[in-house]
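All remarks here apply to the structure that follows.
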Amino acid sequence: MSIGRDQDGKLHWFCEQSDVVTIEAATFLLRLFFYCNKRADSWKNTLANCLLGCSACVRSFVEVKCTSENTYFRVFDKDILRRFWSDFDKWLAKSAREALAKAGVTPRSRKTFAEAPAAVVYLMVSTLAALEDPDVVTLIETRYLPSRIPEWPIDPPAPGIIPLVVHDSRYVRRWAKIQLERSKSMTKDQFSNPYKRALDALIGSIARKDRSFSRGAPTYLLAWAPIQVLPFVSADPETVWSGMATLFRILPPECFVGSSKPLKQIDLRRLALGHLHDNAYHFADVLLCTSFLISKLGSSTWDGESDDYPKMVFDAVKNNPAFSKLLTLREITSERPWFLCWFAEYLLSLWEAPVFSDVLAKITGFMLDELQHERFQRSRPIVTAAAFRLLSSVARKCTTEKASDQYAALTLVVDVHSEFLVAVAFAREYSDSNWDSCREAALDLLRQLFTTDVDNLALTVADLANALPPVASPTTPNFQPVRVQLWKNTYLHLRANDWQGIELLLAVVSRTWHIDQLKKQAFTSSKLPTLTNTATRKTFDSTVDSVNHAMNIIRSGFLYSLSNYASYTSSTKILAFIQRKHIVQYLMALMFSPLEPLHVAAKGILGRAFDVDNRVDCFHAILDSMPDASLQGIVEVLDSFNLFAPDITEACSVSKSLVRCMTDIIEVMCNRSNGLLLNPRHVLGGLVVLEDQNDLQLATELPKLWGLLTNAIAVIVKRTPSWASYFDTDSMAELMRDALIFGRELLAERRCFESAAAGTSGQSFTDKSPKRLSKIGKRMVECLQNVLLELTRWFRLTDGELLHQSFTLLQSLLDCFMESCIPPSPAALTKLTKFIDDGRSNDARSVHTRLDSFQLSRLEEALGMFDDEEIEIISRQQFAESQMKRTDFITQTKVAKLNLRLKPDISQLQRTILSWNYCHDGPDPPTDGQKPTLRRVPERFHGYQEYREAFEPLLLYEAWSEIVKSKEETQIELYSCKIVSRELTDDWLHLDVSIDEAVKTDWYLGDTDVVLLRNDAGSKSIMGKASGFKRTPLGIQVTIRCYVVNQSSDPGLQANTLWRINKVFSLTTLHREYAALLSLPTYNLSEQVIKPRLVNAPRFKTSDVKRAMSSYQVNEPQAKAILASMKTEGFSLIQGPSGTGTTLTICGIVGAFLSCRKKAAIAIGPAGPSSDGSEKLPPKVLVCAPSNAAIDELAKRLMEGVRDSHGVRIFPKVVRVGADTTMNIGVRHISLDSLVELKLNSKENDTKPTGTEIAVLRTEIETVKRQKLRRQEQLAEFRDNASTCMILEKEIQRLNSIRMSLSNQVDQLMDKQRSDNSTLDAARRKFRHNVLNDADVICGTLSDTGHEELEQFEFEMVIIDEADQATELSSLVPLKYNSRRCILVGDPQQLSSTVLSPEATKWGYNQSLFVRTQKHNPAAAHLLAADLTVPESSEVQTAKRTMPEEDESARPPRKVRKTQRVAAQSGKTSKKAVKRPEPPASASIPKRSRRKDNTSK
């Protein structure tokens, strides 16, 4: 018995302080109460001490008595057990009374219960037998009971407190109610037998005293014998029902239905409902009991009742005058009084009942009609608000459970009261403060109803899409019509300055931002072959019409309402309105809408708030001022698009709008001049910490935004081909093109996103490891996998421009994967590899890609960088070198050869040049270590390595001389610039630089221009290469790459520092010559370049020579040179001093080539409409010269016509490549750019220039701004004059409207300009290829021939005029097109090529390929002589053709001929030799120019 004592000596047998064994043992020992002996008496005393010492043990003991009946007392008879517990309770009551007496609390003493032990008092009120003791009842009535006893358990309350709530004593009732109000509602398990007996005793006592109380309850209640009548229970109805209301709150639901356990005898449900007719003060408590009852039972309230019974209950309440008194007599202190809120619980309990619609109509009619009488004037707002909240709860439940019947009932009710609902929400008569709560309820109801309309609309659109094929058995969607009258009334009554109404419209209409008018062609019956039933077809088409009509209703007055708000509200108030929760998200969604009324309305609000005009400025303002909400809005937009677009039939317009807006946002965030992500002082820059860290976490939000963007691109790429069948080709091509361009622009800003997310914007050189990709960066690259996979679908497109854009995006994606060392997904690699295999397959059954052989080779080369076996990603140069090392050149893979031939890695040249110190003096380039070894250029090389080792150092010396020469220029264009951002990748430092000051209009930086950055003091400088140039309204943006080996080589290029920038020189020619040096091993003529070998000129019959002379109108040496050039593979040398007809000879060679071309050239670039390369292209000849003057003269002569092998003058299609500014005016009309512009001008299109129109509109906007400012000043001046103020306010509103209209026009023109520019670029790209494709002869300087546009073709013949004046490396540039023959024309007796570097000249860098090749076999050169003969007539030519052929034996001996050739080679002539005549004055003799001419990029 001593088990369970604590430190104070108290026993704990039943509470939490005892263990399970103790509790079970004490429960089992309760059987000892049956016994009467000393040990049993001792146990009883110990038990009494336990219960009288711990309140928690008393509470647990009450529970133990119930549980033991099913365990240790299960074998006893129920009557025996009932008597046992009755005696037990009497003993407990006696023990409690004795304990109270021991504590001094007796009827004769003055002590209160506060002075008695808490456990003793708790045991007293926990035992019903104690309340039957008159002395205990007297003590309760006369002694003070503390309202709160800390030691007492709260839940559940003591059973004896239940009857005390209706005690005669007001003081006792109040104390009991306080105890019950602290308790929660009891569960079925907690409501055990002691509570049941207490409740039975209470109900029985009341019924015995007041027979009217049993109205509605079973009649046998009064005859139930076991009920003990408690004398202290009051019979006053007000007291009774007040106590019953307190009890109903805590009783479990099982107590209220008489047919359910545990109480069969008492039907509290009928007891409460039966008293709703009572017209007395206690009606409120009866109604409260009913409210508790319905909230606990729900629909079970009406079990077993007739269908009309619920309506009878409502009528009892409605018709009871006592209910009206609640609204008139009682002071309503709450905005939501319970006697009105109970209607919602009552209505929802009838949700599934047949009478729901009738009851809903009765309730709303009662509250919105009858209770709107003037006698309820004070309570009208509260009643109306309760009615609106009731309807809102019904609307929410209809939405949640998709209850169509209830939704129809709600629609009928709302239609009846729509006028009143809209009036309360928006009318001026309800703008008083008393109606504030009601107006909020009305707005909430409208939001619920409108949201339901919008959601049903979106659901129907999705169902329509899901009903289309390939669904086997489509079902027609059930479209719920929108509430037309409610929408119309809302737009009609909405006041201009009602911000709450505007907020409501924004919240609802913004949910439809992505839903455009459904296109009939996407949903017509012709698209539904599975719908064989005619009625179903008509219903389906009718649903499409209904949806479109509903969307028109929803948006009909939206633009007008928001425009009015923007016009009639000050910018300060609008800005405060925008800062409200979710408003930015609503506006952001509307800005993305493809529907003009929606995005124009949103732009008008933002424009007024931030005083901006066009769309991109709106995005900049909102992202700048509220970045967290703006980013969240963009994320939500992309989320909804990614959910909507994949499943809808077509989403072309919303996709186009998404691309348009995201292009603006990327410009705002990543603009190199003022991009928010590049601004370290802005929160989006990643360094500024927000006050609320939960608002925006860039480390998660920006990568999430990136992921959603890439997913949106993947969706567009995947779904656009399926959408294309519903629209015209031009509009779909425009969408697809813009999406691909946007994808490429987004990829270009990946590093910007990554830096901002990682918080590294503007960090210094040592802030991070430059060569490692961050975890955020890796996740961002992984997001591109889906885009790459979906993009493979587009390589079967037939449109050449889309194929070009797709392949360009593919290259960008693969470059991104290679740079980040993350391999593409196996699925993407498999698809791309299959494209390559199918493209090279001759199997007709293969689905061939539309990629041409050039693109396939590029793709194969890119995929080859990803080593599947070792999961290692290598660079292009490493890949090419690895391919080169596998075998000799003959067995190299085609991909490696093509890569080395056309796109060698020239980064080493850039590294070397950009590492030089610009301030270094001297003829030698600056070096950190050993000076480069120079060697004389020999006549022959042993191999390519020796060739490269000889020429590469000399090329660098020439590059340094270019820099030295630039220092000598007196007029240097120097501008101030600011570094906006910097990013370090490997050893390259990428700088974004902005130039804000005015620059010359013709000042431009190309991708090959080298610039110099100096600090303001001029003490530090560094050279860099321009890699981007863009003119914007805010200034010029330049991207510069600097080579930074270590920290010491960085002169302090930090963000926000000021520098001076000037152009040094162009790398164009050096790039092309260095590329030719690297690519030489892959050339067809490489061996003859490294080890020159010239074959002797072939012999021709005299008749062939004469025929050639007659046909080409040339002399004999020229004719032989022409014939030999056409027969000789490899190099042919034609030596002709000035006046010997070199130009005429070249024209003859071109004519001979065009006459005998029999097969088509091989096109490895896009072939116009047939971009798969199946169209055969005509063979071409490439004619070039080292100077612009020389090639212009050749082009002019070729343009005038050449003669073919039959003597017929033909006019070849000649195209001059290069910059127009460097050409002679006489040939500019055949330049590539001029021919393209000619085609563009002749093409019928609407791409008219819009820049002027935009400038005019901007000027008008500024004028309107000034007028508005003047009106505002006048308004402030005449503030006291009401009539003048009204006129001025209207004028200001008119000016606001004009400004909004003008800004919308600017946006439209800017979108058109962007689209036109893309269209123009596509057309220009197509026409450039067509012009080159159609050309017979392409002319250009040696440097011009290295342009990448010519890489699409291979030329069978290359002719280099003035080859003796070209450096050897420049002569290698045109040889990269794999020509089988190259004709070098020149005169080595004239001056050699111009080289700037004296040191390079010293080692033979100025020697031409012509001279070095001729040294191998001087006799092989074809010598031209001056033509002094008069052209023969046709008769003479005919007579000569009849003469016998010249006998070869009549020619001089071989030795004599050799002597003549040597003499001619040495420049010595005999006395009989004819002196070289001077050219006529009118002849155009090309001027000898510098080796490096001013060529275009």
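Residues in the structure tokens are named by chain (A, B, ... in the order shown) and by number from 1 within that chain; ligands are numbered from 1 in the order shown.
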What residues in stretch 850-1087 of chain A get the DSSP label alpha helix (DSSP H)? Please answer as a PyMOL selection string.
chain A and resi 853-863+876-886+894-902+907-914+944-967+1068-1079+1086-1087
Stretch 429-441 of chain A: which residues within 12 Å, counting only C-alpha atoms, same-chain residues fewer than 5 positions away excluded, as a VMD selection string?
chain A and resid 334 to 336 377 to 393 420 to 424 446 to 448 493 495 498 500 to 501 503 to 504
File dump, residues just selected, N, CA and C atoms, as a CSV table (one decimal), in the first residue's frame:
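Output (part_14.csv):
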```csv
chain,number,residue,atom,x,y,z
A,334,SER,N,-21.1,42.3,-31.5
A,334,SER,CA,-20.2,41.5,-32.5
A,334,SER,C,-20.6,41.8,-33.9
A,335,GLU,N,-19.6,41.8,-34.8
A,335,GLU,CA,-19.9,41.9,-36.2
A,335,GLU,C,-20.5,40.6,-36.8
A,336,ARG,N,-20.2,39.5,-36.1
A,336,ARG,CA,-20.7,38.2,-36.5
A,336,ARG,C,-21.5,37.6,-35.3
A,377,GLN,N,-33.0,48.9,-39.0
A,377,GLN,CA,-32.0,49.8,-39.6
A,377,GLN,C,-30.6,49.6,-39.0
A,378,ARG,N,-30.6,49.5,-37.7
A,378,ARG,CA,-29.3,49.4,-37.0
A,378,ARG,C,-28.6,48.1,-37.3
A,379,SER,N,-29.4,47.0,-37.5
A,379,SER,CA,-28.8,45.7,-37.7
A,379,SER,C,-28.7,45.3,-39.1
A,380,ARG,N,-29.2,46.1,-40.0
A,380,ARG,CA,-29.1,45.8,-41.5
A,380,ARG,C,-27.7,45.4,-42.0
A,381,PRO,N,-26.7,46.2,-41.7
A,381,PRO,CA,-25.4,45.9,-42.2
A,381,PRO,C,-24.9,44.5,-41.7
A,382,ILE,N,-25.2,44.2,-40.4
A,382,ILE,CA,-24.8,42.9,-39.8
A,382,ILE,C,-25.6,41.8,-40.4
A,383,VAL,N,-26.8,41.9,-40.6
A,383,VAL,CA,-27.7,40.9,-41.2
A,383,VAL,C,-27.2,40.6,-42.6
A,384,THR,N,-27.0,41.7,-43.4
A,384,THR,CA,-26.6,41.6,-44.8
A,384,THR,C,-25.2,40.9,-44.9
A,385,ALA,N,-24.3,41.3,-44.0
A,385,ALA,CA,-23.0,40.7,-44.0
A,385,ALA,C,-23.1,39.2,-43.7
A,386,ALA,N,-24.0,38.8,-42.8
A,386,ALA,CA,-24.2,37.4,-42.5
A,386,ALA,C,-24.7,36.6,-43.7
A,387,ALA,N,-25.6,37.3,-44.4
A,387,ALA,CA,-26.2,36.6,-45.6
A,387,ALA,C,-25.1,36.4,-46.6
A,388,PHE,N,-24.3,37.4,-46.8
A,388,PHE,CA,-23.3,37.3,-47.8
A,388,PHE,C,-22.2,36.2,-47.4
A,389,ARG,N,-21.9,36.2,-46.1
A,389,ARG,CA,-21.0,35.1,-45.7
A,389,ARG,C,-21.6,33.7,-45.9
A,390,LEU,N,-22.9,33.6,-45.6
A,390,LEU,CA,-23.5,32.3,-45.8
A,390,LEU,C,-23.4,31.9,-47.3
A,391,LEU,N,-23.7,32.8,-48.2
A,391,LEU,CA,-23.6,32.5,-49.6
A,391,LEU,C,-22.2,32.2,-50.0
A,392,SER,N,-21.2,32.9,-49.4
A,392,SER,CA,-19.8,32.6,-49.7
A,392,SER,C,-19.4,31.2,-49.2
A,393,SER,N,-19.9,30.8,-48.1
A,393,SER,CA,-19.6,29.4,-47.6
A,393,SER,C,-20.2,28.4,-48.6
A,420,PHE,N,-28.7,44.0,-55.4
A,420,PHE,CA,-28.5,44.5,-54.1
A,420,PHE,C,-27.0,44.1,-53.7
A,421,LEU,N,-26.5,43.0,-54.1
A,421,LEU,CA,-25.2,42.5,-53.8
A,421,LEU,C,-24.2,43.5,-54.4
A,422,VAL,N,-24.3,43.9,-55.7
A,422,VAL,CA,-23.4,44.8,-56.4
A,422,VAL,C,-23.5,46.2,-55.8
A,423,ALA,N,-24.7,46.6,-55.4
A,423,ALA,CA,-24.9,47.9,-54.8
A,423,ALA,C,-24.2,48.0,-53.5
A,424,VAL,N,-24.3,47.0,-52.6
A,424,VAL,CA,-23.6,47.0,-51.4
A,424,VAL,C,-22.1,47.0,-51.6
A,446,LEU,N,-18.5,38.2,-54.0
A,446,LEU,CA,-18.3,38.4,-55.5
A,446,LEU,C,-17.0,37.7,-55.9
A,447,ARG,N,-16.0,37.8,-55.1
A,447,ARG,CA,-14.7,37.1,-55.5
A,447,ARG,C,-14.9,35.6,-55.6
A,448,GLN,N,-15.7,35.1,-54.6
A,448,GLN,CA,-16.0,33.6,-54.7
A,448,GLN,C,-16.7,33.3,-56.0
A,493,HIS,N,-21.5,49.5,-62.0
A,493,HIS,CA,-21.6,50.3,-60.8
A,493,HIS,C,-20.2,50.6,-60.1
A,495,ARG,N,-17.1,52.3,-59.1
A,495,ARG,CA,-16.7,53.7,-59.1
A,495,ARG,C,-15.2,53.8,-59.5
A,498,ASP,N,-12.7,53.4,-56.6
A,498,ASP,CA,-12.9,52.3,-55.6
A,498,ASP,C,-11.8,51.2,-55.8
A,500,GLN,N,-10.9,48.9,-53.7
A,500,GLN,CA,-11.3,47.5,-53.4
A,500,GLN,C,-12.0,46.8,-54.5
A,501,GLY,N,-12.8,47.5,-55.3
A,501,GLY,CA,-13.4,46.9,-56.5
A,501,GLY,C,-12.3,46.6,-57.5
A,503,GLU,N,-9.2,45.9,-56.9
A,503,GLU,CA,-8.5,44.8,-56.4
A,503,GLU,C,-9.2,43.5,-56.7
A,504,LEU,N,-10.5,43.5,-56.5
A,504,LEU,CA,-11.4,42.3,-56.8
A,504,LEU,C,-11.2,41.9,-58.3
```
Would you kindly return, as a list in words, each protein, DNA or RNA residue with an atom no farther than 10 Å from any atom of A:Cys398, considering only C-alpha atoms and excluding same-chain residues fewer than 6 positions away?
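The contact residues come out as Trp351, Ser392, Ser404, Asp405, Gln406, Tyr407, Ala408, Leu410 and Thr452 of chain A.
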Report, in Å with one decimal, the straight-line distance from atom CA of A:Asp358 to atom CA of A:Gln372.
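The value is 20.2 Å.
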Find the residue from A:Asn1378, A:Asn49, A:Gln485, A:Thr1263 that sits nearest to A:Pro117; use only C-alpha atoms when measuring.
A:Asn49
Skipping near chain neighbours, those fewer than 3 positions away, what residues fall within 9 Å of A:Ile665 using only C-alpha atoms, listed as a PDB file with all heavy atoms, in the first residue's frame?
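Listed below is the output, part-v8.pdb:
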```pdb
ATOM      1  N   VAL A 616       8.669  47.697 -71.268  1.00  0.00           N
ATOM      2  CA  VAL A 616       9.943  47.342 -70.656  1.00  0.00           C
ATOM      3  C   VAL A 616      10.252  48.256 -69.475  1.00  0.00           C
ATOM      4  O   VAL A 616      10.828  47.807 -68.463  1.00  0.00           O
ATOM      5  CB  VAL A 616      11.075  47.381 -71.709  1.00  0.00           C
ATOM      6  CG1 VAL A 616      11.318  48.792 -72.194  1.00  0.00           C
ATOM      7  CG2 VAL A 616      12.354  46.780 -71.153  1.00  0.00           C
ATOM      8  N   PHE A 619       8.258  46.946 -66.497  1.00  0.00           N
ATOM      9  CA  PHE A 619       8.925  45.796 -65.888  1.00  0.00           C
ATOM     10  C   PHE A 619      10.119  46.246 -65.051  1.00  0.00           C
ATOM     11  O   PHE A 619      10.353  45.729 -63.957  1.00  0.00           O
ATOM     12  CB  PHE A 619       9.374  44.819 -66.963  1.00  0.00           C
ATOM     13  CG  PHE A 619       8.282  43.933 -67.490  1.00  0.00           C
ATOM     14  CD1 PHE A 619       8.083  43.778 -68.851  1.00  0.00           C
ATOM     15  CD2 PHE A 619       7.454  43.251 -66.625  1.00  0.00           C
ATOM     16  CE1 PHE A 619       7.072  42.969 -69.338  1.00  0.00           C
ATOM     17  CE2 PHE A 619       6.430  42.441 -67.099  1.00  0.00           C
ATOM     18  CZ  PHE A 619       6.247  42.294 -68.459  1.00  0.00           C
ATOM     19  N   HIS A 620      10.874  47.193 -65.568  1.00  0.00           N
ATOM     20  CA  HIS A 620      12.050  47.664 -64.832  1.00  0.00           C
ATOM     21  C   HIS A 620      11.627  48.330 -63.527  1.00  0.00           C
ATOM     22  O   HIS A 620      12.243  48.106 -62.465  1.00  0.00           O
ATOM     23  CB  HIS A 620      12.849  48.635 -65.700  1.00  0.00           C
ATOM     24  CG  HIS A 620      14.171  49.029 -65.100  1.00  0.00           C
ATOM     25  ND1 HIS A 620      14.279  49.966 -64.094  1.00  0.00           N
ATOM     26  CD2 HIS A 620      15.436  48.585 -65.356  1.00  0.00           C
ATOM     27  CE1 HIS A 620      15.547  50.096 -63.754  1.00  0.00           C
ATOM     28  NE2 HIS A 620      16.266  49.278 -64.496  1.00  0.00           N
ATOM     29  N   LEU A 623      10.206  45.625 -60.959  1.00  0.00           N
ATOM     30  CA  LEU A 623      11.274  44.750 -60.463  1.00  0.00           C
ATOM     31  C   LEU A 623      12.264  45.521 -59.606  1.00  0.00           C
ATOM     32  O   LEU A 623      12.843  44.958 -58.661  1.00  0.00           O
ATOM     33  CB  LEU A 623      11.998  44.096 -61.635  1.00  0.00           C
ATOM     34  CG  LEU A 623      11.297  42.902 -62.281  1.00  0.00           C
ATOM     35  CD1 LEU A 623      11.922  42.582 -63.632  1.00  0.00           C
ATOM     36  CD2 LEU A 623      11.343  41.689 -61.381  1.00  0.00           C
ATOM     37  N   ARG A 660       7.643  37.382 -75.596  1.00  0.00           N
ATOM     38  CA  ARG A 660       7.784  38.834 -75.723  1.00  0.00           C
ATOM     39  C   ARG A 660       8.091  39.477 -74.369  1.00  0.00           C
ATOM     40  O   ARG A 660       9.023  40.285 -74.249  1.00  0.00           O
ATOM     41  CB  ARG A 660       6.499  39.407 -76.307  1.00  0.00           C
ATOM     42  CG  ARG A 660       6.478  40.925 -76.461  1.00  0.00           C
ATOM     43  CD  ARG A 660       5.082  41.376 -76.857  1.00  0.00           C
ATOM     44  NE  ARG A 660       4.125  41.073 -75.802  1.00  0.00           N
ATOM     45  CZ  ARG A 660       2.812  40.968 -75.977  1.00  0.00           C
ATOM     46  NH1 ARG A 660       2.306  41.107 -77.190  1.00  0.00           N
ATOM     47  NH2 ARG A 660       2.014  40.704 -74.967  1.00  0.00           N
ATOM     48  N   CYS A 661       7.325  39.117 -73.350  1.00  0.00           N
ATOM     49  CA  CYS A 661       7.516  39.728 -72.033  1.00  0.00           C
ATOM     50  C   CYS A 661       8.806  39.256 -71.368  1.00  0.00           C
ATOM     51  O   CYS A 661       9.503  40.039 -70.721  1.00  0.00           O
ATOM     52  CB  CYS A 661       6.310  39.421 -71.139  1.00  0.00           C
ATOM     53  SG  CYS A 661       4.788  40.239 -71.656  1.00  0.00           S
ATOM     54  N   MET A 662       9.116  37.972 -71.500  1.00  0.00           N
ATOM     55  CA  MET A 662      10.336  37.480 -70.874  1.00  0.00           C
ATOM     56  C   MET A 662      11.572  38.053 -71.544  1.00  0.00           C
ATOM     57  O   MET A 662      12.608  38.230 -70.897  1.00  0.00           O
ATOM     58  CB  MET A 662      10.375  35.954 -70.909  1.00  0.00           C
ATOM     59  CG  MET A 662       9.480  35.280 -69.895  1.00  0.00           C
ATOM     60  SD  MET A 662       9.629  35.889 -68.193  1.00  0.00           S
ATOM     61  CE  MET A 662      11.374  35.765 -67.894  1.00  0.00           C
ATOM     62  N   VAL A 668      15.785  43.693 -68.720  1.00  0.00           N
ATOM     63  CA  VAL A 668      15.789  44.492 -67.497  1.00  0.00           C
ATOM     64  C   VAL A 668      16.745  43.908 -66.458  1.00  0.00           C
ATOM     65  O   VAL A 668      17.486  44.641 -65.796  1.00  0.00           O
ATOM     66  CB  VAL A 668      14.356  44.577 -66.925  1.00  0.00           C
ATOM     67  CG1 VAL A 668      14.369  45.137 -65.519  1.00  0.00           C
ATOM     68  CG2 VAL A 668      13.477  45.431 -67.818  1.00  0.00           C
ATOM     69  N   MET A 669      16.756  42.607 -66.323  1.00  0.00           N
ATOM     70  CA  MET A 669      17.551  41.971 -65.282  1.00  0.00           C
ATOM     71  C   MET A 669      19.023  41.835 -65.656  1.00  0.00           C
ATOM     72  O   MET A 669      19.890  41.891 -64.787  1.00  0.00           O
ATOM     73  CB  MET A 669      16.958  40.594 -64.955  1.00  0.00           C
ATOM     74  CG  MET A 669      15.542  40.643 -64.420  1.00  0.00           C
ATOM     75  SD  MET A 669      14.804  39.015 -64.178  1.00  0.00           S
ATOM     76  CE  MET A 669      15.672  38.450 -62.740  1.00  0.00           C
ATOM     77  N   CYS A 670      19.299  41.627 -66.932  1.00  0.00           N
ATOM     78  CA  CYS A 670      20.675  41.298 -67.345  1.00  0.00           C
ATOM     79  C   CYS A 670      21.303  42.338 -68.245  1.00  0.00           C
ATOM     80  O   CYS A 670      22.399  42.097 -68.768  1.00  0.00           O
ATOM     81  CB  CYS A 670      20.686  39.931 -68.037  1.00  0.00           C
ATOM     82  SG  CYS A 670      19.975  38.599 -67.055  1.00  0.00           S
TER      83      CYS A 670
END
```
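Interatomic distance, atom CA of A:Leu1078 against atom CA of A:Leu1005: 26.1 Å.
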Using only C-alpha atoms, find the one residue out of A:Leu494, A:Asn279, A:Glu734, A:Ser1110 that sits nearest to A:Lys1312.
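Looking at the shortest contact to A:Lys1312, the residue is A:Glu734.
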Spatial neighbours of A:Asp189, 10 Å, only C-alpha atoms, chain gap at least 2 places, as a PyMOL selection string
chain A and resi 63+66+186-187+191-192+252
Please, could you write that set of residues out with N, CA and C atoms as an mmCIF file, in the first residue's frame?
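So again.cif came out as:
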```
data_model
loop_
_atom_site.group_PDB
_atom_site.id
_atom_site.type_symbol
_atom_site.label_atom_id
_atom_site.label_comp_id
_atom_site.auth_asym_id
_atom_site.auth_seq_id
_atom_site.Cartn_x
_atom_site.Cartn_y
_atom_site.Cartn_z
ATOM 1 N N GLU A 63 -12.408 7.584 -14.572
ATOM 2 C CA GLU A 63 -12.259 6.804 -15.790
ATOM 3 C C GLU A 63 -12.047 5.327 -15.472
ATOM 4 N N CYS A 66 -15.110 3.136 -14.905
ATOM 5 C CA CYS A 66 -15.825 2.719 -16.118
ATOM 6 C C CYS A 66 -15.089 1.584 -16.825
ATOM 7 N N MET A 186 -16.450 17.307 -25.100
ATOM 8 C CA MET A 186 -16.079 15.962 -24.677
ATOM 9 C C MET A 186 -16.262 14.963 -25.822
ATOM 10 N N THR A 187 -15.473 13.902 -25.762
ATOM 11 C CA THR A 187 -15.616 12.827 -26.733
ATOM 12 C C THR A 187 -16.517 11.744 -26.172
ATOM 13 N N PHE A 191 -17.193 10.692 -22.112
ATOM 14 C CA PHE A 191 -18.517 10.815 -21.509
ATOM 15 C C PHE A 191 -18.936 9.443 -20.964
ATOM 16 N N SER A 192 -18.387 9.094 -19.812
ATOM 17 C CA SER A 192 -18.593 7.775 -19.212
ATOM 18 C C SER A 192 -19.832 7.782 -18.329
ATOM 19 N N PRO A 252 -20.820 15.389 -26.092
ATOM 20 C CA PRO A 252 -20.465 14.737 -27.360
ATOM 21 C C PRO A 252 -21.687 14.581 -28.254
#
```
For A:Lys1290, which residue out of A:Ser1393, A:Thr1222, A:Asn564, A:Ser556 is the nearest one, using only C-alpha atoms?
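So, comparing all the options, the nearest one is A:Asn564.
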Please identify all polymer residues within 9 Å of stretch 912-927 of chain A, counting only C-alpha atoms, omitting same-chain residues fewer than 2 positions from it, and present them as a ChimeraX atom specification.
/A:907-910,929-932,956-957,959-961,963-964,1010,1012,1021-1025,1042-1045,1049,1397-1399
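Remark: for A:Ala1124, the closest of the candidate residues A:Val1095, A:Ile995, A:Ile206, A:Val659 is A:Val1095 (distances computed over only C-alpha atoms).
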Which residue, A:Gln1272, A:Ser994, A:Ser295, A:Ser306, has the smallest gap to A:Asn1296 when you use only C-alpha atoms?
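Comparing A:Gln1272, A:Ser994, A:Ser295, A:Ser306 against A:Asn1296, the winner is A:Gln1272.
Residue nearest A:Leu1085, chosen from A:Leu598, A:Val121, A:Ile1383, A:Cys652 and counting only C-alpha atoms: A:Ile1383.
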